$ cat work02.cif   # mmCIF, C-alpha atoms and all ligand atoms
data_input
loop_
_atom_site.label_atom_id
_atom_site.label_comp_id
_atom_site.auth_asym_id
_atom_site.auth_seq_id
_atom_site.Cartn_x
_atom_site.Cartn_y
_atom_site.Cartn_z
CA MET Y 1 -18.65 18.77 6.72
CA ILE Y 2 -17.87 15.12 6.12
CA PRO Y 3 -20.72 12.70 7.03
CA GLU Y 4 -20.01 10.73 10.20
CA ARG Y 5 -20.10 7.32 8.51
CA MET Y 6 -17.69 8.53 5.83
CA GLU Y 7 -15.38 9.98 8.49
CA LYS Y 8 -15.35 6.60 10.26
CA ALA Y 9 -14.54 4.81 7.00
CA PHE Y 10 -11.64 7.19 6.29
CA ASN Y 11 -10.28 6.73 9.80
CA GLU Y 12 -10.41 2.96 9.39
CA GLN Y 13 -8.61 3.29 6.05
CA ILE Y 14 -5.91 5.51 7.59
CA ASN Y 15 -5.30 2.59 9.92
CA ALA Y 16 -5.35 0.07 7.04
CA GLU Y 17 -2.90 2.09 4.91
CA THR Y 18 -0.55 2.43 7.89
CA TYR Y 19 -0.83 -1.31 8.49
CA SER Y 20 0.11 -1.82 4.80
CA ALA Y 21 3.26 0.24 5.40
CA TYR Y 22 4.06 -1.89 8.45
CA LEU Y 23 3.47 -5.08 6.46
CA TYR Y 24 5.73 -4.02 3.57
CA TRP Y 25 8.40 -2.83 5.94
CA SER Y 26 8.32 -6.22 7.65
CA MET Y 27 8.59 -7.93 4.25
CA ALA Y 28 11.57 -5.69 3.45
CA ALA Y 29 13.35 -6.83 6.60
CA TYR Y 30 12.64 -10.49 5.81
CA LEU Y 31 13.94 -10.13 2.22
CA GLN Y 32 17.03 -8.40 3.55
CA THR Y 33 17.76 -11.41 5.79
CA LEU Y 34 17.58 -13.61 2.65
CA ASP Y 35 20.16 -11.33 1.07
CA PHE Y 36 17.88 -9.81 -1.56
CA PRO Y 37 18.69 -6.11 -1.02
CA GLY Y 38 16.94 -5.02 -4.24
CA MET Y 39 13.67 -6.69 -3.26
CA ALA Y 40 14.04 -5.23 0.24
CA HIS Y 41 14.52 -1.76 -1.26
CA TYR Y 42 11.41 -2.25 -3.39
CA MET Y 43 9.36 -3.11 -0.29
CA GLU Y 44 10.79 -0.14 1.62
CA CYS Y 45 9.63 2.13 -1.23
CA GLN Y 46 6.24 0.43 -1.07
CA ALA Y 47 6.03 1.06 2.68
CA LYS Y 48 6.73 4.77 2.16
CA GLU Y 49 4.05 4.93 -0.51
CA GLU Y 50 1.51 3.42 1.88
CA LEU Y 51 2.36 5.97 4.56
CA ARG Y 52 1.74 8.63 1.98
CA HIS Y 53 -1.71 7.16 1.25
CA ALA Y 54 -2.49 7.35 4.98
CA ALA Y 55 -1.23 10.96 5.08
CA MET Y 56 -3.39 11.90 2.08
CA MET Y 57 -6.52 10.58 3.78
CA TYR Y 58 -5.56 12.23 7.07
CA LYS Y 59 -5.34 15.56 5.30
CA TYR Y 60 -8.61 15.03 3.48
CA VAL Y 61 -10.56 14.28 6.69
CA LEU Y 62 -9.19 17.47 8.29
CA GLU Y 63 -9.96 19.51 5.17
CA ARG Y 64 -13.57 18.36 5.35
CA GLY Y 65 -13.82 19.49 8.96
CA GLY Y 66 -13.78 15.92 10.25
CA LYS Y 67 -12.00 14.36 13.19
CA VAL Y 68 -8.97 12.14 12.71
CA LYS Y 69 -9.00 9.24 15.13
CA MET Y 70 -5.93 7.04 15.25
CA SER Y 71 -6.30 3.43 16.34
CA ALA Y 72 -3.91 0.59 17.17
CA ILE Y 73 -1.96 -0.89 14.28
CA SER Y 74 -1.93 -4.70 14.22
CA ALA Y 75 1.40 -6.50 14.08
CA PRO Y 76 2.18 -7.87 10.60
CA PRO Y 77 3.78 -11.30 10.09
CA SER Y 78 7.56 -11.31 10.28
CA GLU Y 79 8.26 -14.62 8.55
CA TRP Y 80 7.41 -16.00 5.14
CA ASP Y 81 8.51 -19.25 3.49
CA THR Y 82 10.15 -17.87 0.34
CA PRO Y 83 10.24 -14.66 -1.76
CA LEU Y 84 7.46 -16.26 -3.82
CA HIS Y 85 5.36 -16.53 -0.66
CA VAL Y 86 6.06 -12.83 0.07
CA PHE Y 87 4.91 -11.68 -3.37
CA LYS Y 88 1.83 -13.93 -3.26
CA SER Y 89 0.95 -12.23 0.03
CA VAL Y 90 1.43 -8.80 -1.56
CA LEU Y 91 -1.12 -9.60 -4.27
CA ALA Y 92 -3.60 -11.02 -1.75
CA HIS Y 93 -3.15 -7.93 0.44
CA GLU Y 94 -3.64 -5.48 -2.43
CA GLU Y 95 -6.78 -7.33 -3.54
CA LYS Y 96 -8.08 -6.93 0.00
CA VAL Y 97 -7.27 -3.19 -0.03
CA THR Y 98 -9.08 -2.81 -3.36
CA GLY Y 99 -12.15 -4.30 -1.70
CA MET Y 100 -11.85 -1.78 1.15
CA ILE Y 101 -11.55 1.19 -1.23
CA ASN Y 102 -14.52 -0.07 -3.27
CA ALA Y 103 -16.58 -0.36 -0.07
CA MET Y 104 -15.69 3.27 0.73
CA VAL Y 105 -16.87 4.32 -2.73
CA ASP Y 106 -20.14 2.45 -2.10
CA THR Y 107 -20.56 4.36 1.18
CA ALA Y 108 -19.83 7.70 -0.52
CA MET Y 109 -22.46 6.92 -3.17
CA GLU Y 110 -24.99 5.84 -0.59
CA LEU Y 111 -24.46 9.04 1.39
CA ARG Y 112 -24.39 11.17 -1.77
CA ASP Y 113 -21.04 12.48 -0.52
CA HIS Y 114 -19.79 13.65 -3.92
CA ALA Y 115 -16.57 15.15 -2.58
CA SER Y 116 -15.48 11.87 -0.99
CA HIS Y 117 -16.58 9.95 -4.07
CA GLN Y 118 -14.42 12.13 -6.28
CA TYR Y 119 -11.50 12.03 -3.84
CA LEU Y 120 -11.62 8.23 -3.70
CA MET Y 121 -11.34 7.90 -7.50
CA TRP Y 122 -7.60 8.51 -7.21
CA PHE Y 123 -7.37 5.51 -4.88
CA VAL Y 124 -9.47 3.39 -7.25
CA SER Y 125 -6.92 4.01 -10.04
CA GLU Y 126 -4.04 3.51 -7.61
CA GLN Y 127 -5.36 0.04 -6.75
CA VAL Y 128 -5.44 -0.90 -10.44
CA GLU Y 129 -1.73 -0.04 -10.56
CA GLU Y 130 -0.94 -1.81 -7.28
CA GLU Y 131 -2.61 -5.03 -8.39
CA SER Y 132 -0.98 -4.86 -11.80
CA ASN Y 133 2.49 -4.42 -10.25
CA ALA Y 134 1.86 -7.22 -7.76
CA ASN Y 135 0.74 -9.53 -10.57
CA ALA Y 136 3.78 -8.66 -12.70
CA ASN Y 137 6.22 -9.35 -9.86
CA LEU Y 138 4.51 -12.60 -8.99
CA SER Y 139 4.49 -13.84 -12.56
CA ARG Y 140 8.17 -12.99 -12.93
CA LEU Y 141 9.03 -14.89 -9.73
CA LYS Y 142 7.08 -17.91 -10.94
CA LYS Y 143 9.02 -17.87 -14.21
CA ASN Y 144 12.29 -17.66 -12.28
CA GLY Y 145 11.56 -20.93 -10.49
CA ASP Y 146 14.77 -22.20 -8.89
CA ASN Y 147 17.03 -20.29 -11.27
CA LYS Y 148 19.45 -18.38 -9.01
CA GLN Y 149 20.73 -16.20 -11.83
CA ALA Y 150 17.18 -15.10 -12.73
CA MET Y 151 16.54 -14.28 -9.06
CA LEU Y 152 19.64 -12.07 -8.93
CA VAL Y 153 18.61 -10.24 -12.10
CA MET Y 154 15.14 -9.65 -10.63
CA ASP Y 155 16.64 -8.48 -7.34
CA ASP Y 156 18.80 -6.03 -9.25
CA SER Y 157 15.91 -4.67 -11.27
CA LEU Y 158 13.60 -4.22 -8.25
CA GLY Y 159 16.50 -2.43 -6.57
CA GLN Y 160 16.28 0.24 -9.30
CA ARG Y 161 12.89 1.47 -8.10
CA ALA Y 162 12.98 5.19 -7.40
CA SER Y 163 11.87 5.95 -3.88
CA LEU Y 164 9.19 8.61 -3.61
CA TYR Y 165 11.32 10.48 -1.13
CA ASP Y 166 14.35 10.32 -3.38
CA ILE Y 167 12.56 12.16 -6.15
CA LEU Y 168 10.24 14.40 -4.13
CA PRO Y 169 11.13 16.60 -1.21
CA VAL Y 170 9.76 15.49 2.16
CA PRO Y 171 6.54 17.50 2.67
CA GLN Y 172 7.15 20.41 5.03
CA ASP Y 173 3.55 20.97 6.16
MG MG H 1 -2.32 1.97 -0.30
#

$ encode --input "work02.cif" --output "structure tokens"
Amino acid sequence: MIPERMEKAFNEQINAETYSAYLYWSMAAYLQTLDFPGMAHYMECQAKEELRHAAMMYKYVLERGGKVKMSAISAPPSEWDTPLHVFKSVLAHEEKVTGMINAMVDTAMELRDHASHQYLMWFVSEQVEEESNANANLSRLKKNGDNKQAMLVMDDSLGQRASLYDILPVPQD
């Protein structure tokens, strides 16, 4: 059985991961209005990945005999100043999520909940990847500056991202 404090932390994180999906979906819509369909596609893929994180935690809580408790999802912003502003916000958001995951690991250690500790290690590695991707995109955008051609090339390359649901079947369970 999952300890109560750990269960609460997972439920809060299910909410946070779902909020991340909402945030990236909102960014996708904004980028689409700026006519950057590749960047919008990239953010749509990101949103799907976040929903998958929430679904993974949902399943884990149930597997441990815990209770899943859904709570209200906050509204994300719908406007940013520029694509650069969007990608700066992505990095800041992922750094915040890393902090949340690390706090969950601290709780698991404190409670000697080895199963949750081990389960969370996947998310620790995932955050390394998320921050690295966010940093790479941000640095590329900074290099682009006001160069329209460079922005189009970047839009094209982010548009090549394979969506999780394009390569994997939608889970049936
Ligand atoms: Mg996530």

$ closest_residue --input "work02.cif" --among "Y:Thr107, Y:Asn133, Y:Ser116, Y:Gln13" --to "ligand MG 1 (chain H)" --atoms "all atoms listed in the file"
Y:Gln13

$ atom_distance --input "work02.cif" --atom1 "atom CA of Leu152 of chain Y" --atom2 "atom CA of Gln32 of chain Y"
13.3 Å

$ residues_around --input "work02.cif" --residues "segment 88-101 of chain Y" --least-positions-apart "4" --cutoff "10 Å" --atoms "all atoms listed in the file" --output "MDAnalysis selection string"
chainID Y and resid 9:10 12:13 16:17 20 23:24 27 43 80 82:84 105:107 120:121 123:139 141

$ atom_distance --input "work02.cif" --atom1 "atom CA of Glu110 of chain Y" --atom2 "atom CA of Met6 of chain Y"
10.1 Å

$ residues_around --input "work02.cif" --residues "Ala40 of chain Y" --least-positions-apart "3" --cutoff "8 Å" --atoms "only C-alpha atoms" --output "short mmCIF file (atom, residue, chain, number, x, y, z; two decimals) with C-alpha atoms, keeping the file's coordinate frame"
data_model
loop_
_atom_site.label_atom_id
_atom_site.label_comp_id
_atom_site.auth_asym_id
_atom_site.auth_seq_id
_atom_site.Cartn_x
_atom_site.Cartn_y
_atom_site.Cartn_z
CA MET Y 27 8.59 -7.93 4.25
CA ALA Y 28 11.57 -5.69 3.45
CA ALA Y 29 13.35 -6.83 6.60
CA TYR Y 30 12.64 -10.49 5.81
CA LEU Y 31 13.94 -10.13 2.22
CA GLN Y 32 17.03 -8.40 3.55
CA PHE Y 36 17.88 -9.81 -1.56
CA PRO Y 37 18.69 -6.11 -1.02
CA MET Y 43 9.36 -3.11 -0.29
CA GLU Y 44 10.79 -0.14 1.62
CA GLY Y 159 16.50 -2.43 -6.57
#

$ closest_residue --input "work02.cif" --among "Y:Ser26, Y:Thr33, Y:Gln149, Y:Asn11" --to "Lys59 of chain Y" --atoms "only C-alpha atoms"
Y:Asn11

$ closest_residue --input "work02.cif" --among "Y:Gln46, Y:Glu7, Y:Arg64, Y:Glu79" --to "ligand MG 1 (chain H)" --atoms "only C-alpha atoms and all ligand atoms"
Y:Gln46

$ closest_residue --input "work02.cif" --among "Y:Met104, Y:Leu62, Y:Arg112, Y:Tyr19" --to "Ser74 of chain Y" --atoms "only C-alpha atoms"
Y:Tyr19

$ closest_residue --input "work02.cif" --among "Y:Leu34, Y:Val86, Y:Met1, Y:Ala54" --to "ligand MG 1 (chain H)" --atoms "all atoms listed in the file"
Y:Ala54

$ atom_distance --input "work02.cif" --atom1 "atom CA of Arg52 of chain Y" --atom2 "atom CA of Ala115 of chain Y"
20.0 Å

$ residues_around --input "work02.cif" --residues "His53 of chain Y" --least-positions-apart "3" --cutoff "9 Å" --atoms "only C-alpha atoms" --output "list in words"
Ile14, Glu17, Thr18, Lys48, Glu49, Glu50, Met56, Met57, Tyr58 and Phe123 of chain Y

$ write_last_selection --input "work02.cif" --atoms "C-alpha atoms" --output "short mmCIF file (atom, residue, chain, number, x, y, z; two decimals), in the coordinates of the input"
data_model
loop_
_atom_site.label_atom_id
_atom_site.label_comp_id
_atom_site.auth_asym_id
_atom_site.auth_seq_id
_atom_site.Cartn_x
_atom_site.Cartn_y
_atom_site.Cartn_z
CA ILE Y 14 -5.91 5.51 7.59
CA GLU Y 17 -2.90 2.09 4.91
CA THR Y 18 -0.55 2.43 7.89
CA LYS Y 48 6.73 4.77 2.16
CA GLU Y 49 4.05 4.93 -0.51
CA GLU Y 50 1.51 3.42 1.88
CA MET Y 56 -3.39 11.90 2.08
CA MET Y 57 -6.52 10.58 3.78
CA TYR Y 58 -5.56 12.23 7.07
CA PHE Y 123 -7.37 5.51 -4.88
#

$ closest_residue --input "work02.cif" --among "Y:Met109, Y:Ala162, Y:Val68, Y:Leu51" --to "ligand MG 1 (chain H)" --atoms "all atoms listed in the file"
Y:Leu51

$ axis_aligned_box --input "work02.cif" --around "segment 104-118 of chain Y" --padding-each-side "5 Å" --output "JSON"
{"center_x": -19.7, "center_y": 8.8, "center_z": -2.4, "size_x": 20.6, "size_y": 22.7, "size_z": 17.7}

$ build_atoms --input "work02.cif" --residues "segment 118-144 of chain Y" --atoms "N, CA, C and O atoms" --output "compact mmCIF listing (two decimals), in the frame of the given file"
# COMPACT_ATOMS: atom_id res chain seq x y z
N GLN Y 118 -15.42 11.65 -5.33
CA GLN Y 118 -14.42 12.13 -6.28
C GLN Y 118 -13.00 11.93 -5.74
O GLN Y 118 -12.11 11.52 -6.47
N TYR Y 119 -12.83 12.19 -4.46
CA TYR Y 119 -11.50 12.03 -3.84
C TYR Y 119 -11.03 10.58 -3.93
O TYR Y 119 -9.85 10.31 -4.18
N LEU Y 120 -11.97 9.66 -3.72
CA LEU Y 120 -11.62 8.23 -3.70
C LEU Y 120 -11.26 7.68 -5.07
O LEU Y 120 -10.63 6.63 -5.17
N MET Y 121 -11.65 8.40 -6.15
CA MET Y 121 -11.34 7.90 -7.50
C MET Y 121 -9.83 7.75 -7.72
O MET Y 121 -9.38 6.85 -8.42
N TRP Y 122 -9.05 8.63 -7.10
CA TRP Y 122 -7.60 8.51 -7.21
C TRP Y 122 -7.14 7.16 -6.66
O TRP Y 122 -6.29 6.48 -7.24
N PHE Y 123 -7.75 6.78 -5.53
CA PHE Y 123 -7.37 5.51 -4.88
C PHE Y 123 -7.86 4.31 -5.69
O PHE Y 123 -7.21 3.26 -5.69
N VAL Y 124 -8.98 4.47 -6.38
CA VAL Y 124 -9.47 3.39 -7.25
C VAL Y 124 -8.43 3.11 -8.34
O VAL Y 124 -8.05 1.96 -8.58
N SER Y 125 -7.94 4.18 -8.98
CA SER Y 125 -6.92 4.01 -10.04
C SER Y 125 -5.62 3.47 -9.44
O SER Y 125 -4.95 2.64 -10.06
N GLU Y 126 -5.27 3.95 -8.28
CA GLU Y 126 -4.04 3.51 -7.61
C GLU Y 126 -4.08 2.00 -7.38
O GLU Y 126 -3.08 1.30 -7.56
N GLN Y 127 -5.25 1.48 -7.00
CA GLN Y 127 -5.36 0.04 -6.75
C GLN Y 127 -5.20 -0.78 -8.03
O GLN Y 127 -4.68 -1.88 -7.99
N VAL Y 128 -5.64 -0.21 -9.16
CA VAL Y 128 -5.44 -0.90 -10.44
C VAL Y 128 -3.94 -1.07 -10.66
O VAL Y 128 -3.45 -2.15 -11.02
N GLU Y 129 -3.19 -0.01 -10.39
CA GLU Y 129 -1.73 -0.04 -10.56
C GLU Y 129 -1.08 -1.01 -9.56
O GLU Y 129 -0.20 -1.79 -9.93
N GLU Y 130 -1.52 -0.94 -8.31
CA GLU Y 130 -0.94 -1.81 -7.28
C GLU Y 130 -1.14 -3.29 -7.63
O GLU Y 130 -0.21 -4.09 -7.52
N GLU Y 131 -2.34 -3.63 -8.06
CA GLU Y 131 -2.61 -5.03 -8.39
C GLU Y 131 -1.83 -5.46 -9.63
O GLU Y 131 -1.33 -6.59 -9.71
N SER Y 132 -1.72 -4.54 -10.58
CA SER Y 132 -0.98 -4.86 -11.80
C SER Y 132 0.51 -5.09 -11.49
O SER Y 132 1.11 -6.06 -11.97
N ASN Y 133 1.09 -4.24 -10.65
CA ASN Y 133 2.49 -4.42 -10.25
C ASN Y 133 2.68 -5.73 -9.48
O ASN Y 133 3.65 -6.47 -9.72
N ALA Y 134 1.75 -6.00 -8.58
CA ALA Y 134 1.86 -7.22 -7.76
C ALA Y 134 1.78 -8.46 -8.66
O ALA Y 134 2.55 -9.41 -8.50
N ASN Y 135 0.88 -8.41 -9.63
CA ASN Y 135 0.74 -9.53 -10.57
C ASN Y 135 1.99 -9.71 -11.42
O ASN Y 135 2.44 -10.84 -11.65
N ALA Y 136 2.58 -8.60 -11.87
CA ALA Y 136 3.78 -8.66 -12.70
C ALA Y 136 4.95 -9.26 -11.92
O ALA Y 136 5.67 -10.13 -12.44
N ASN Y 137 5.13 -8.82 -10.68
CA ASN Y 137 6.22 -9.35 -9.86
C ASN Y 137 6.04 -10.84 -9.57
O ASN Y 137 6.99 -11.61 -9.64
N LEU Y 138 4.81 -11.20 -9.29
CA LEU Y 138 4.51 -12.60 -8.99
C LEU Y 138 4.75 -13.49 -10.21
O LEU Y 138 5.37 -14.55 -10.10
N SER Y 139 4.33 -13.02 -11.37
CA SER Y 139 4.49 -13.84 -12.56
C SER Y 139 5.97 -13.99 -12.91
O SER Y 139 6.43 -15.06 -13.33
N ARG Y 140 6.73 -12.92 -12.67
CA ARG Y 140 8.17 -12.99 -12.93
C ARG Y 140 8.84 -14.00 -11.98
O ARG Y 140 9.69 -14.80 -12.40
N LEU Y 141 8.45 -13.95 -10.71
CA LEU Y 141 9.03 -14.89 -9.73
C LEU Y 141 8.70 -16.33 -10.09
O LEU Y 141 9.54 -17.23 -9.95
N LYS Y 142 7.48 -16.56 -10.56
CA LYS Y 142 7.08 -17.91 -10.94
C LYS Y 142 7.92 -18.41 -12.10
O LYS Y 142 8.30 -19.57 -12.15
N LYS Y 143 8.19 -17.50 -13.06
CA LYS Y 143 9.02 -17.87 -14.21
C LYS Y 143 10.44 -18.19 -13.77
O LYS Y 143 11.09 -19.08 -14.32
N ASN Y 144 10.92 -17.44 -12.76
CA ASN Y 144 12.29 -17.66 -12.28
C ASN Y 144 12.49 -19.08 -11.75
O ASN Y 144 13.54 -19.68 -11.93
